[in-house]
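Below: the structure, in C-alpha cells.
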Amino acid sequence: MAHAASHTNRLAQETSPYLQQHAHNPVDWYPWGPEALNRAQAEQKPILVSIGYAACHWCHVMERESFENEAVAAVMNTHFVCIKVDREERPDVDQIYMDALHAMGLQGGWPLNVFLTADAKPFYGGTYFPQGNWTKLLTNIGQAYAGEHRAELEQSAERFMEVIGKSELAKYGGHNRNEAQEADYAALETIGVAPETGPAGVSDDEFKLLVYNLSTNFDRERGGMNRAPKFPMPSIWRFLLRAHAISGSRAVLDQAVLTLREMAWGGIYDQVHGGFARYSVDGEWLAPHFEKMLYDNGQLVSLYSEAFQLTKDELFRETVYDTIEFIRLELTNDEGGFYSSLDADSEGEEGKFYVFTKEELRGILGDEEPLFSDYYNCTAVGNWEHGRNILHRRETDEAFAVVHQLAPGVLPEIVASWKQKIMAVRATRVRPGLDDKVLTGWNALMLQGLTDAYRAFGEPEFLVMAEHNARFIEANLRDGAGLFRTCKDGRASISGFLEDYALVIQAYISLYEVTFAEKWLREAEGLTEYVLANFFDATETLFFYTDSRAEPLIARKKELFDNVIPASNSIMAHNLRRLGRHLEKAQYTDLAAEMLRQLRHLVVKEPQHLANWASLYAALLRPGAEIAIQGPATEEFREELSRHFLFDTVLAGTETASELPLLKLLPTPTDGRTALHVCRNYACQAPVYSVPDALATL
C-alpha cells in the first residue's frame, strides 16, 4: 500500500502484516496492550478500537479514505486513544467488541470500529463508515465525552457490559428446553417413546428432529444453505457425511455431494490454480469475495477427502490435490509453516488477478478460446464487472465431451494445457497481497486437512507436508507446556487461545492415527492436560476462550457456536472423546458427553450454528469402534483401512509392542501374521487377519 512515509507510528514494531499496513498512517495508532489502556486511564480519554485483518477489502477502503487522511487523523488523535487490532492475532479482543456491537442491535462485520470509555467499556460502534460520516461521528462523540454527556455514555457502557458479561450458556439457554421443544417431547412421550437414551441424553427421535431442522435451510438446487452470501461452512457438510454414515440416509449424502460439486464448479473455487475463496456474494457460488484463507482451505481439504472416501468422485480428488498444491506453492514457508491468507485485491481492485475479458482470452488461447469459453462459461459481455469473466463450470467433463464430440480422455489434456497458459499470464500480473504471519490454530486446520487427505489417497507427499508442519509447530509455536498464537519472521508472540490448543490437539491425534508415531499422541495428551488446568470452568463444565494466565479483558468469554471455524469448545469435546478412548481415560470421555449434554437442546434446535456439536451427537448416538493393529504389516493394513470413511473410529497400531492402553494387552501374533482387533465398550472381538474381515465387523 502507498503511504506517505513522513509518518511512522508504534505499529511498525508489530508482527502482524495488517498492523504494519497501518504503520505509516498519520493516526497515532497503538497496538492493543497496557501502554494504550494506561494512557486512556491517565488522561481520562475515550478509546477508539478499530479491528480488521489483512485480507479484508473494506478495511483497506476505510484506511484509504480516512486513516491515511491527515485531517481525519487529526480529529482521531485529538479526541481518542486510537488502537488498531488484527482480529486474527487477537480473536479474544475481537470477540468481546463484536459481542458489544450485537448488544447494540447492530450487524457485525469488519472493519469493526468501537468506541470505549477510558476503562475499555464499549458505548458505541459500527463497521465501515464513509469518510464524511466518520469525521462527523468522531467529532460528536469526542465532544460529548469531553463535555457534559460523559456520564450518559458511561451509563450506556455499563448496560452493554451486563449483556457482554453474561455467560454464553446462560444467554443462549443450552440445557433449557423451550416451549416448542417441550411440545415435541410431550408428543414423543404420548406415543410411548422415551427420548432420553444414550450418553448426554441422545436419542434417535431427537436426532431425526435435528437433521430435519437443519434440512429446512438447504438450498436444494445449488447446494449450501438457502441464502446469499454463501459461505462454504465445512462443518455442516462434514456433519451430513456423518449423519449418512449412521443412518444410511441417501438424502443427506445427496445434499452434501450437491454442495461440494457446486462449490468445486463455482467461481468461489480457483478453477486454474486450486484453492477456495472465503465466500460467494451470490447464491450460485459464482462471484467470490476473492480472498483465500488458510482456515477455509484446510477444512475443505478434509471435507473433500472424506467425501471422496464415500463417493470415489474424481472431481473431489482433483479438488483436494489442486488445493493442496495451491497451499504448497502460495502459502508455505521454507520451514513448513503455513501463511494466513492472500488478499482479495491487487492494484487496488478486487479480483483483478483472477478475471479475464473475452478479448484477453482470445489473445491467450487463439483458436481454442471458443471451446475454453464454453467450458468455463465466459461471455463477450462478461459474467462479472467491467466485461470480465470469472471462470466457472456447469457440467461434468463427460457431458461436456459428449456435447463437443471429443474423444474420451482428450478433454483432461486440453484443460491441463489451458491452465498452463492462463497461469503463465497470471505470472505477469501484480499479485494479491500475502499475509505471511503464521497462526497456530489455522496451521493445525491445514495439518488436519493433510492427514485426512493422506488417509483418503495415501499420497506420500501429503504426509511429508503434514510432518514438516507438525515439526514447525513444535519448534516455533510451543511456549513451554503451552502454545503461542502466532509467529512471524522467527518471532512468536501472544498466548495461545482455546482455538489454538483444540485444533493442535485434534491434528496431533490425527497425525498419530496416520503414522502410529506415539510422540504425537503424547503431545496431544500434554496439551489437553494444560487446557484442563488453564481453561476449564468447572461450574459450567465448558472451557473459557482465554488462558487463565493471559492478561484479563473486560469479560472472559466462551466460544459455543460453530462458525466458519468450529467452536473451540466443540472441537475440545471431540478431542476428549477421541483421546479418552486412545488412553482409556474415562474422565475425558465422560467430560465430552457432559459438554454435549449442556448444549444438546440448543444443538437440536439450531443445528446449522452447532454442526460440529451435531457430529458429536451422532458419535454418541452410534459410537464407532476402536481398531488396534499389531504385526509386521501394520502400516499396509492401516493404509488400506484408512481409505474408507470410518465414522467415529479410533485407530492404533504397532509392529511390535507398545505401552499405549489400546495395544499393551494385545496378545502378540506368534505366526508372523498381522492381527486386527476390533473393540467396543472396552471389549475386543476375536482378532481377524485381513482388512475386509475387519471392515465386515464394523
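Identifiers in this document derive from the order of the C-alpha cells: chains are assigned A, B, ..., residues are numbered from 1 separately in each chain, and ligands are numbered from 1 in order of occurrence.
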Residues within 9 Å of Glu291 (chain A), only C-alpha atoms, excluding chain neighbours under 4 positions, as an mmCIF file with all heavy atoms, in the first residue's frame:
data_model
loop_
_atom_site.group_PDB
_atom_site.id
_atom_site.type_symbol
_atom_site.label_atom_id
_atom_site.label_comp_id
_atom_site.auth_asym_id
_atom_site.auth_seq_id
_atom_site.Cartn_x
_atom_site.Cartn_y
_atom_site.Cartn_z
ATOM 1 N N ALA A 55 -6.611 -9.428 4.814
ATOM 2 C CA ALA A 55 -7.268 -9.723 3.537
ATOM 3 C C ALA A 55 -8.635 -9.040 3.420
ATOM 4 O O ALA A 55 -9.416 -9.357 2.525
ATOM 5 C CB ALA A 55 -7.420 -11.244 3.369
ATOM 6 N N CYS A 56 -8.936 -8.104 4.320
ATOM 7 C CA CYS A 56 -10.291 -7.525 4.385
ATOM 8 C C CYS A 56 -10.418 -6.313 3.450
ATOM 9 O O CYS A 56 -9.754 -5.291 3.642
ATOM 10 C CB CYS A 56 -10.559 -7.135 5.839
ATOM 11 S SG CYS A 56 -11.832 -5.913 6.103
ATOM 12 N N HIS A 57 -11.287 -6.421 2.461
ATOM 13 C CA HIS A 57 -11.441 -5.398 1.416
ATOM 14 C C HIS A 57 -11.872 -4.046 1.999
ATOM 15 O O HIS A 57 -11.258 -3.013 1.732
ATOM 16 C CB HIS A 57 -12.459 -5.889 0.389
ATOM 17 C CG HIS A 57 -12.791 -4.881 -0.657
ATOM 18 N ND1 HIS A 57 -11.886 -4.495 -1.628
ATOM 19 C CD2 HIS A 57 -13.917 -4.148 -0.880
ATOM 20 C CE1 HIS A 57 -12.462 -3.580 -2.421
ATOM 21 N NE2 HIS A 57 -13.678 -3.357 -1.978
ATOM 22 N N PHE A 276 -9.876 -22.261 -2.410
ATOM 23 C CA PHE A 276 -11.205 -21.643 -2.312
ATOM 24 C C PHE A 276 -11.116 -20.237 -1.749
ATOM 25 O O PHE A 276 -10.301 -19.964 -0.856
ATOM 26 C CB PHE A 276 -12.097 -22.470 -1.380
ATOM 27 C CG PHE A 276 -12.538 -23.785 -1.957
ATOM 28 C CD1 PHE A 276 -11.725 -24.903 -1.885
ATOM 29 C CD2 PHE A 276 -13.768 -23.903 -2.583
ATOM 30 C CE1 PHE A 276 -12.120 -26.125 -2.412
ATOM 31 C CE2 PHE A 276 -14.178 -25.115 -3.119
ATOM 32 C CZ PHE A 276 -13.356 -26.239 -3.033
ATOM 33 N N ALA A 277 -11.982 -19.370 -2.246
ATOM 34 C CA ALA A 277 -12.143 -18.034 -1.659
ATOM 35 C C ALA A 277 -13.045 -18.145 -0.427
ATOM 36 O O ALA A 277 -13.681 -19.172 -0.191
ATOM 37 C CB ALA A 277 -12.747 -17.086 -2.687
ATOM 38 N N ARG A 278 -13.123 -17.058 0.326
ATOM 39 C CA ARG A 278 -13.787 -17.113 1.644
ATOM 40 C C ARG A 278 -15.304 -17.304 1.541
ATOM 41 O O ARG A 278 -15.902 -17.988 2.354
ATOM 42 C CB ARG A 278 -13.471 -15.823 2.421
ATOM 43 C CG ARG A 278 -13.701 -15.933 3.900
ATOM 44 C CD ARG A 278 -13.001 -14.809 4.636
ATOM 45 N NE ARG A 278 -13.650 -13.531 4.448
ATOM 46 C CZ ARG A 278 -14.600 -13.042 5.250
ATOM 47 N NH1 ARG A 278 -14.998 -13.724 6.297
ATOM 48 N NH2 ARG A 278 -15.135 -11.863 5.020
ATOM 49 N N TYR A 279 -15.920 -16.646 0.573
ATOM 50 C CA TYR A 279 -17.363 -16.856 0.367
ATOM 51 C C TYR A 279 -17.759 -16.331 -0.989
ATOM 52 O O TYR A 279 -16.982 -15.666 -1.672
ATOM 53 C CB TYR A 279 -18.200 -16.186 1.466
ATOM 54 C CG TYR A 279 -18.137 -14.669 1.538
ATOM 55 C CD1 TYR A 279 -18.998 -13.864 0.793
ATOM 56 C CD2 TYR A 279 -17.233 -14.030 2.395
ATOM 57 C CE1 TYR A 279 -18.951 -12.482 0.879
ATOM 58 C CE2 TYR A 279 -17.177 -12.645 2.486
ATOM 59 C CZ TYR A 279 -18.040 -11.881 1.726
ATOM 60 O OH TYR A 279 -17.989 -10.520 1.813
ATOM 61 N N SER A 341 -3.140 -15.892 4.665
ATOM 62 C CA SER A 341 -4.133 -15.603 3.623
ATOM 63 C C SER A 341 -3.524 -14.854 2.451
ATOM 64 O O SER A 341 -2.439 -14.278 2.553
ATOM 65 C CB SER A 341 -5.272 -14.744 4.201
ATOM 66 O OG SER A 341 -4.777 -13.500 4.661
ATOM 67 N N LEU A 342 -4.279 -14.861 1.360
ATOM 68 C CA LEU A 342 -3.997 -13.992 0.213
ATOM 69 C C LEU A 342 -5.124 -12.986 0.122
ATOM 70 O O LEU A 342 -6.305 -13.326 0.261
ATOM 71 C CB LEU A 342 -3.974 -14.813 -1.090
ATOM 72 C CG LEU A 342 -2.712 -15.599 -1.414
ATOM 73 C CD1 LEU A 342 -2.916 -16.348 -2.725
ATOM 74 C CD2 LEU A 342 -1.502 -14.679 -1.540
ATOM 75 N N ASP A 343 -4.766 -11.749 -0.160
ATOM 76 C CA ASP A 343 -5.714 -10.643 -0.244
ATOM 77 C C ASP A 343 -6.702 -10.819 -1.395
ATOM 78 O O ASP A 343 -6.412 -11.517 -2.373
ATOM 79 C CB ASP A 343 -4.891 -9.376 -0.493
ATOM 80 C CG ASP A 343 -5.553 -8.162 0.109
ATOM 81 O OD1 ASP A 343 -6.789 -8.108 0.087
ATOM 82 O OD2 ASP A 343 -4.829 -7.280 0.592
ATOM 83 N N ALA A 344 -7.858 -10.159 -1.284
ATOM 84 C CA ALA A 344 -8.822 -10.136 -2.391
ATOM 85 C C ALA A 344 -8.368 -9.169 -3.486
ATOM 86 O O ALA A 344 -8.665 -9.352 -4.662
ATOM 87 C CB ALA A 344 -10.186 -9.703 -1.870
ATOM 88 N N ASP A 345 -7.639 -8.126 -3.084
ATOM 89 C CA ASP A 345 -7.326 -7.036 -4.013
ATOM 90 C C ASP A 345 -5.915 -7.163 -4.587
ATOM 91 O O ASP A 345 -5.017 -7.670 -3.939
ATOM 92 C CB ASP A 345 -7.369 -5.678 -3.282
ATOM 93 C CG ASP A 345 -8.719 -5.391 -2.649
ATOM 94 O OD1 ASP A 345 -9.519 -6.328 -2.516
ATOM 95 O OD2 ASP A 345 -8.955 -4.234 -2.273
ATOM 96 N N GLU A 350 -10.602 -5.421 -6.485
ATOM 97 C CA GLU A 350 -10.897 -6.766 -6.021
ATOM 98 C C GLU A 350 -10.950 -7.757 -7.186
ATOM 99 O O GLU A 350 -11.587 -7.492 -8.201
ATOM 100 C CB GLU A 350 -12.244 -6.777 -5.290
ATOM 101 C CG GLU A 350 -12.410 -8.033 -4.480
ATOM 102 C CD GLU A 350 -13.801 -8.209 -3.904
ATOM 103 O OE1 GLU A 350 -14.575 -7.242 -3.911
ATOM 104 O OE2 GLU A 350 -14.087 -9.326 -3.483
ATOM 105 N N GLY A 351 -10.259 -8.883 -7.052
ATOM 106 C CA GLY A 351 -10.365 -9.972 -8.031
ATOM 107 C C GLY A 351 -9.602 -9.761 -9.323
ATOM 108 O O GLY A 351 -9.621 -10.626 -10.205
ATOM 109 N N PRO A 432 -1.903 -10.568 -5.601
ATOM 110 C CA PRO A 432 -2.591 -10.103 -4.385
ATOM 111 C C PRO A 432 -1.641 -10.142 -3.200
ATOM 112 O O PRO A 432 -0.696 -10.941 -3.174
ATOM 113 C CB PRO A 432 -3.715 -11.137 -4.190
ATOM 114 C CG PRO A 432 -3.829 -11.872 -5.487
ATOM 115 C CD PRO A 432 -2.489 -11.810 -6.140
#
Exercise. Show which residues sit within 9 Å of Val504 (chain A), as a list of chain:residue names. Count only C-alpha atoms, and ignore same-chain residues fewer than 6 positions away.
Key: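 Listed by chain and then number, they are A:Thr440, A:Gly441, A:Asn443, A:Ala444, A:Leu445, A:Leu447, A:Gln448, A:Ala470, A:Ile473, A:Ala524, A:Leu527.
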Self-check item: Of the listed residues A:Glu335, A:Glu330, A:Glu65, A:Asp296, that which approaches His468 (chain A) most closely, counting only C-alpha atoms
Solution: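 The answer is A:Glu335, which sits nearest to His468 (chain A).
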Quiz item: Mind pulling up the distance from CA of Ile327 (chain A) to CA of Gln506 (chain A)?
Solution: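 Here the two named atoms are 20.3 Å from each other.
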Quiz prompt | Residue nearest Val272 (chain A) among A:Gly173, A:Lys136, A:Lys421, A:Leu406 (counting only C-alpha atoms) | solution =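 Distance minimum relative to Val272 (chain A) lands on A:Lys421.
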Quiz item: Could you pull the residues within 10 Å of region 154-161 of chain A, counting only C-alpha atoms, minus those fewer than 3 positions along the same chain, as a list of chain:residue names?
Solution: A:Ile96, A:Asp99, A:Ala100, A:Leu101, A:His102, A:Ala103, A:Met104, A:Phe115, A:Leu116, A:Thr117, A:Ala118, A:Asp119, A:Ala120, A:Lys121, A:Pro122, A:Phe123, A:Tyr124, A:Tyr145, A:His149, A:Arg150, A:Ala151, A:Ile164, A:Gly165, A:Lys166, A:Ile554, A:Ala555
Selected residues, N, CA and C atoms, written as a tab-separated table (two decimals), in the first residue's frame, please.
chain	number	residue	atom	x	y	z
A	96	ILE	N	-15.09	-9.92	22.09
A	96	ILE	CA	-15.78	-9.09	23.09
A	96	ILE	C	-16.46	-7.89	22.43
A	99	ASP	N	-19.36	-8.79	20.21
A	99	ASP	CA	-20.49	-9.03	21.10
A	99	ASP	C	-21.17	-7.72	21.48
A	100	ALA	N	-20.33	-6.71	21.75
A	100	ALA	CA	-20.86	-5.39	22.13
A	100	ALA	C	-21.69	-4.80	20.99
A	101	LEU	N	-21.18	-4.95	19.76
A	101	LEU	CA	-21.91	-4.43	18.60
A	101	LEU	C	-23.28	-5.10	18.49
A	102	HIS	N	-23.31	-6.43	18.69
A	102	HIS	CA	-24.59	-7.15	18.64
A	102	HIS	C	-25.51	-6.68	19.77
A	103	ALA	N	-24.92	-6.42	20.95
A	103	ALA	CA	-25.73	-5.93	22.07
A	103	ALA	C	-26.35	-4.56	21.74
A	104	MET	N	-25.67	-3.81	20.86
A	104	MET	CA	-26.20	-2.50	20.43
A	104	MET	C	-27.27	-2.67	19.34
A	115	PHE	N	-16.22	2.42	20.06
A	115	PHE	CA	-15.82	3.50	20.97
A	115	PHE	C	-15.99	3.03	22.41
A	116	LEU	N	-14.92	3.23	23.22
A	116	LEU	CA	-14.91	2.73	24.59
A	116	LEU	C	-14.67	3.87	25.57
A	117	THR	N	-15.13	3.66	26.80
A	117	THR	CA	-14.78	4.59	27.88
A	117	THR	C	-13.29	4.44	28.19
A	118	ALA	N	-12.81	5.28	29.08
A	118	ALA	CA	-11.38	5.22	29.44
A	118	ALA	C	-11.01	3.88	30.08
A	119	ASP	N	-12.01	3.15	30.64
A	119	ASP	CA	-11.69	1.83	31.20
A	119	ASP	C	-12.14	0.69	30.27
A	120	ALA	N	-12.14	0.98	28.96
A	120	ALA	CA	-12.28	-0.04	27.90
A	120	ALA	C	-13.68	-0.66	27.79
A	121	LYS	N	-14.70	0.03	28.33
A	121	LYS	CA	-16.07	-0.49	28.20
A	121	LYS	C	-16.75	0.17	27.00
A	122	PRO	N	-17.41	-0.62	26.14
A	122	PRO	CA	-17.93	-0.09	24.87
A	122	PRO	C	-19.25	0.67	25.03
A	123	PHE	N	-19.39	1.81	24.34
A	123	PHE	CA	-20.68	2.52	24.37
A	123	PHE	C	-21.25	2.80	22.98
A	124	TYR	N	-20.43	2.68	21.93
A	124	TYR	CA	-20.98	2.88	20.58
A	124	TYR	C	-20.07	2.18	19.58
A	145	TYR	N	-18.07	13.19	24.99
A	145	TYR	CA	-17.33	12.54	26.09
A	145	TYR	C	-16.55	13.57	26.90
A	149	HIS	N	-21.91	15.14	28.49
A	149	HIS	CA	-22.62	13.88	28.23
A	149	HIS	C	-21.84	12.64	28.62
A	150	ARG	N	-20.68	12.85	29.23
A	150	ARG	CA	-19.84	11.69	29.54
A	150	ARG	C	-20.55	10.67	30.44
A	151	ALA	N	-21.27	11.17	31.45
A	151	ALA	CA	-21.94	10.25	32.39
A	151	ALA	C	-22.95	9.37	31.65
A	164	ILE	N	-22.63	-8.25	27.81
A	164	ILE	CA	-21.36	-8.89	27.44
A	164	ILE	C	-20.87	-9.82	28.54
A	165	GLY	N	-21.10	-9.41	29.80
A	165	GLY	CA	-20.56	-10.17	30.92
A	165	GLY	C	-21.32	-11.46	31.21
A	166	LYS	N	-22.51	-11.61	30.61
A	166	LYS	CA	-23.34	-12.79	30.90
A	166	LYS	C	-22.73	-14.01	30.23
A	554	ILE	N	-12.18	-7.16	29.69
A	554	ILE	CA	-13.37	-6.74	30.45
A	554	ILE	C	-14.35	-7.89	30.67
A	555	ALA	N	-14.19	-9.00	29.93
A	555	ALA	CA	-15.03	-10.18	30.15
A	555	ALA	C	-14.23	-11.39	29.72
As an mmCIF file with N, CA, C and O atoms, in the first residue's frame, list the residues of region 530-628 of chain A assigned to strand (DSSP E) by DSSP on the backbone atoms of this structure.
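The file below, states_6.cif, is the result:
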data_model
loop_
_atom_site.group_PDB
_atom_site.id
_atom_site.type_symbol
_atom_site.label_atom_id
_atom_site.label_comp_id
_atom_site.auth_asym_id
_atom_site.auth_seq_id
_atom_site.Cartn_x
_atom_site.Cartn_y
_atom_site.Cartn_z
ATOM 1 N N PHE A 536 -10.416 -24.506 31.889
ATOM 2 C CA PHE A 536 -11.674 -25.177 32.256
ATOM 3 C C PHE A 536 -12.477 -24.373 33.268
ATOM 4 O O PHE A 536 -11.929 -23.808 34.217
ATOM 5 N N ASP A 537 -13.792 -24.337 33.065
ATOM 6 C CA ASP A 537 -14.712 -23.729 34.018
ATOM 7 C C ASP A 537 -15.561 -24.852 34.610
ATOM 8 O O ASP A 537 -16.476 -25.360 33.955
ATOM 9 N N LEU A 542 -17.446 -26.369 30.810
ATOM 10 C CA LEU A 542 -17.048 -25.928 29.469
ATOM 11 C C LEU A 542 -15.733 -25.158 29.628
ATOM 12 O O LEU A 542 -15.293 -24.906 30.750
ATOM 13 N N PHE A 543 -15.144 -24.765 28.506
ATOM 14 C CA PHE A 543 -13.836 -24.117 28.543
ATOM 15 C C PHE A 543 -13.930 -22.642 28.159
ATOM 16 O O PHE A 543 -14.639 -22.285 27.218
ATOM 17 N N GLU A 626 -12.976 -49.088 18.324
ATOM 18 C CA GLU A 626 -11.532 -48.877 18.401
ATOM 19 C C GLU A 626 -10.896 -50.035 17.632
ATOM 20 O O GLU A 626 -11.258 -51.198 17.859
ATOM 21 N N ILE A 627 -9.976 -49.720 16.739
ATOM 22 C CA ILE A 627 -9.293 -50.774 15.987
ATOM 23 C C ILE A 627 -7.811 -50.728 16.340
ATOM 24 O O ILE A 627 -7.166 -49.683 16.211
ATOM 25 N N ALA A 628 -7.291 -51.858 16.799
ATOM 26 C CA ALA A 628 -5.872 -51.958 17.139
ATOM 27 C C ALA A 628 -5.216 -52.953 16.185
ATOM 28 O O ALA A 628 -5.719 -54.062 15.998
#
Quiz item: Which residue out of A:Glu347, A:Leu138, A:Phe129, A:Trp32 has the minimum interatomic distance to Ala71 (chain A) when only C-alpha atoms are used?
Solution: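 Using only C-alpha atoms, the shortest distance to Ala71 (chain A) belongs to A:Leu138.
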Quiz prompt | Those of region 445-642 of chain A in DSSP alpha helix (DSSP H), formatted as a count of residues only | solution = 121
Quiz item: Taking only C-alpha atoms into account, which of A:Leu662, A:Ala507, A:Leu434, A:Leu365 comes nearest Asn469 (chain A)?
Solution: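 That would be A:Ala507, the residue with the smallest distance to Asn469 (chain A).
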Exercise. Could you check which of A:Asn569, A:Gln598, A:Thr486, A:Asn226 is closest to Gly201 (chain A), using only C-alpha atoms?
Key: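 Among the listed residues, A:Gln598 lies closest to Gly201 (chain A).
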Quiz item: Neighbours of Leu439 (chain A) within 9 Å (only C-alpha atoms; same-chain residues fewer than 4 positions away dropped), as a list in words?
Solution: Glu88, Glu89, Gly337, Phe338, Tyr339, Ser340, Asn443, Ala444, Leu477, Phe484, Arg485, Thr486, Cys487, Lys488 and Asp500 of chain A
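Distances to Lys45 (chain A) were evaluated for A:Glu221, A:His22, A:Arg10, A:Gln143 using only C-alpha atoms, and the minimum falls at A:Gln143.
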Practice problem: Write out as a ChimeraX atom specification the residues lying within 8 Å of region 105-110 of chain A, counting only C-alpha atoms and excluding same-chain residues fewer than 5 positions away. | Solution: /A:51-52,56,58-59,98,126-128
Just-selected residues, all heavy atoms written as a PDB file, in the first residue's frame:
ATOM      1  N   ILE A  51     -10.797  -2.714  14.416  1.00  0.00           N
ATOM      2  CA  ILE A  51     -10.396  -4.118  14.270  1.00  0.00           C
ATOM      3  C   ILE A  51     -10.598  -4.573  12.826  1.00  0.00           C
ATOM      4  O   ILE A  51     -11.646  -4.321  12.231  1.00  0.00           O
ATOM      5  CB  ILE A  51     -11.225  -5.021  15.212  1.00  0.00           C
ATOM      6  CG1 ILE A  51     -11.112  -4.518  16.663  1.00  0.00           C
ATOM      7  CG2 ILE A  51     -10.802  -6.481  15.105  1.00  0.00           C
ATOM      8  CD1 ILE A  51     -11.989  -5.263  17.664  1.00  0.00           C
ATOM      9  N   GLY A  52      -9.585  -5.243  12.269  1.00  0.00           N
ATOM     10  CA  GLY A  52      -9.712  -5.770  10.904  1.00  0.00           C
ATOM     11  C   GLY A  52      -8.716  -6.888  10.694  1.00  0.00           C
ATOM     12  O   GLY A  52      -8.198  -7.475  11.641  1.00  0.00           O
ATOM     13  N   CYS A  56      -8.936  -8.104   4.320  1.00  0.00           N
ATOM     14  CA  CYS A  56     -10.291  -7.525   4.385  1.00  0.00           C
ATOM     15  C   CYS A  56     -10.418  -6.313   3.450  1.00  0.00           C
ATOM     16  O   CYS A  56      -9.754  -5.291   3.642  1.00  0.00           O
ATOM     17  CB  CYS A  56     -10.559  -7.135   5.839  1.00  0.00           C
ATOM     18  SG  CYS A  56     -11.832  -5.913   6.103  1.00  0.00           S
ATOM     19  N   TRP A  58     -12.948  -4.046   2.809  1.00  0.00           N
ATOM     20  CA  TRP A  58     -13.479  -2.765   3.309  1.00  0.00           C
ATOM     21  C   TRP A  58     -12.559  -2.138   4.346  1.00  0.00           C
ATOM     22  O   TRP A  58     -12.595  -0.932   4.575  1.00  0.00           O
ATOM     23  CB  TRP A  58     -14.912  -2.944   3.842  1.00  0.00           C
ATOM     24  CG  TRP A  58     -15.835  -3.160   2.687  1.00  0.00           C
ATOM     25  CD1 TRP A  58     -16.359  -4.339   2.257  1.00  0.00           C
ATOM     26  CD2 TRP A  58     -16.268  -2.168   1.738  1.00  0.00           C
ATOM     27  NE1 TRP A  58     -17.102  -4.137   1.114  1.00  0.00           N
ATOM     28  CE2 TRP A  58     -17.073  -2.831   0.776  1.00  0.00           C
ATOM     29  CE3 TRP A  58     -16.055  -0.790   1.612  1.00  0.00           C
ATOM     30  CZ2 TRP A  58     -17.664  -2.155  -0.296  1.00  0.00           C
ATOM     31  CZ3 TRP A  58     -16.648  -0.108   0.545  1.00  0.00           C
ATOM     32  CH2 TRP A  58     -17.442  -0.796  -0.387  1.00  0.00           C
ATOM     33  N   CYS A  59     -11.709  -2.962   4.970  1.00  0.00           N
ATOM     34  CA  CYS A  59     -10.680  -2.393   5.861  1.00  0.00           C
ATOM     35  C   CYS A  59      -9.725  -1.518   5.047  1.00  0.00           C
ATOM     36  O   CYS A  59      -9.352  -0.418   5.462  1.00  0.00           O
ATOM     37  CB  CYS A  59      -9.892  -3.508   6.552  1.00  0.00           C
ATOM     38  SG  CYS A  59     -10.901  -4.614   7.564  1.00  0.00           S
ATOM     39  N   MET A  98     -17.180  -7.453  19.227  1.00  0.00           N
ATOM     40  CA  MET A  98     -18.227  -7.876  18.281  1.00  0.00           C
ATOM     41  C   MET A  98     -19.517  -8.173  19.051  1.00  0.00           C
ATOM     42  O   MET A  98     -20.614  -7.821  18.627  1.00  0.00           O
ATOM     43  CB  MET A  98     -17.762  -9.123  17.508  1.00  0.00           C
ATOM     44  CG  MET A  98     -18.721  -9.549  16.404  1.00  0.00           C
ATOM     45  SD  MET A  98     -18.961  -8.281  15.128  1.00  0.00           S
ATOM     46  CE  MET A  98     -17.490  -8.518  14.144  1.00  0.00           C
ATOM     47  N   GLY A 126     -19.691   0.451  15.138  1.00  0.00           N
ATOM     48  CA  GLY A 126     -20.215   0.206  13.795  1.00  0.00           C
ATOM     49  C   GLY A 126     -19.141  -0.495  12.978  1.00  0.00           C
ATOM     50  O   GLY A 126     -18.090  -0.892  13.513  1.00  0.00           O
ATOM     51  N   THR A 127     -19.381  -0.628  11.695  1.00  0.00           N
ATOM     52  CA  THR A 127     -18.393  -1.303  10.843  1.00  0.00           C
ATOM     53  C   THR A 127     -17.731  -0.249   9.941  1.00  0.00           C
ATOM     54  O   THR A 127     -17.049   0.630  10.438  1.00  0.00           O
ATOM     55  CB  THR A 127     -19.047  -2.451  10.053  1.00  0.00           C
ATOM     56  OG1 THR A 127     -20.191  -1.973   9.356  1.00  0.00           O
ATOM     57  CG2 THR A 127     -19.457  -3.587  10.980  1.00  0.00           C
ATOM     58  N   TYR A 128     -17.948  -0.326   8.645  1.00  0.00           N
ATOM     59  CA  TYR A 128     -17.345   0.648   7.723  1.00  0.00           C
ATOM     60  C   TYR A 128     -18.120   1.967   7.775  1.00  0.00           C
ATOM     61  O   TYR A 128     -19.356   1.968   7.731  1.00  0.00           O
ATOM     62  CB  TYR A 128     -17.358   0.071   6.299  1.00  0.00           C
ATOM     63  CG  TYR A 128     -17.127   1.118   5.237  1.00  0.00           C
ATOM     64  CD1 TYR A 128     -15.849   1.616   4.993  1.00  0.00           C
ATOM     65  CD2 TYR A 128     -18.195   1.640   4.506  1.00  0.00           C
ATOM     66  CE1 TYR A 128     -15.640   2.597   4.040  1.00  0.00           C
ATOM     67  CE2 TYR A 128     -18.001   2.619   3.551  1.00  0.00           C
ATOM     68  CZ  TYR A 128     -16.721   3.102   3.323  1.00  0.00           C
ATOM     69  OH  TYR A 128     -16.512   4.076   2.387  1.00  0.00           O
TER      70      TYR A 128
END
Self-check item: Tyr376 (chain A) surroundings by only C-alpha atoms, 10 Å radius, close-in-sequence under 6 positions cut, as JSON, numbers by chain
Solution: {"A": [265, 266, 267, 271, 370, 389, 390, 391, 392, 393, 394, 395]}
Practice problem: Give me, please, the distance in Å between CA of Arg261 (chain A) and CA of Leu329 (chain A), quoted to one decimal. | Solution: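 One can read the CA of Arg261 (chain A) to CA of Leu329 (chain A) distance as 24.3 Å.
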Practice problem: Name all residues at most 6 Å from region 545-550 of chain A (count only C-alpha atoms; drop same-chain ones fewer than 2 positions away) and give them as a ChimeraX atom specification. | Solution: /A:497-498,534-535,557-558
Practice problem: Figure out the distance between CA of Asp452 (chain A) and CA of Pro199 (chain A), please, to one decimal in Å. | Solution: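 Atom-to-atom, CA of Pro199 (chain A) to CA of Asp452 (chain A), that is 27.6 Å.
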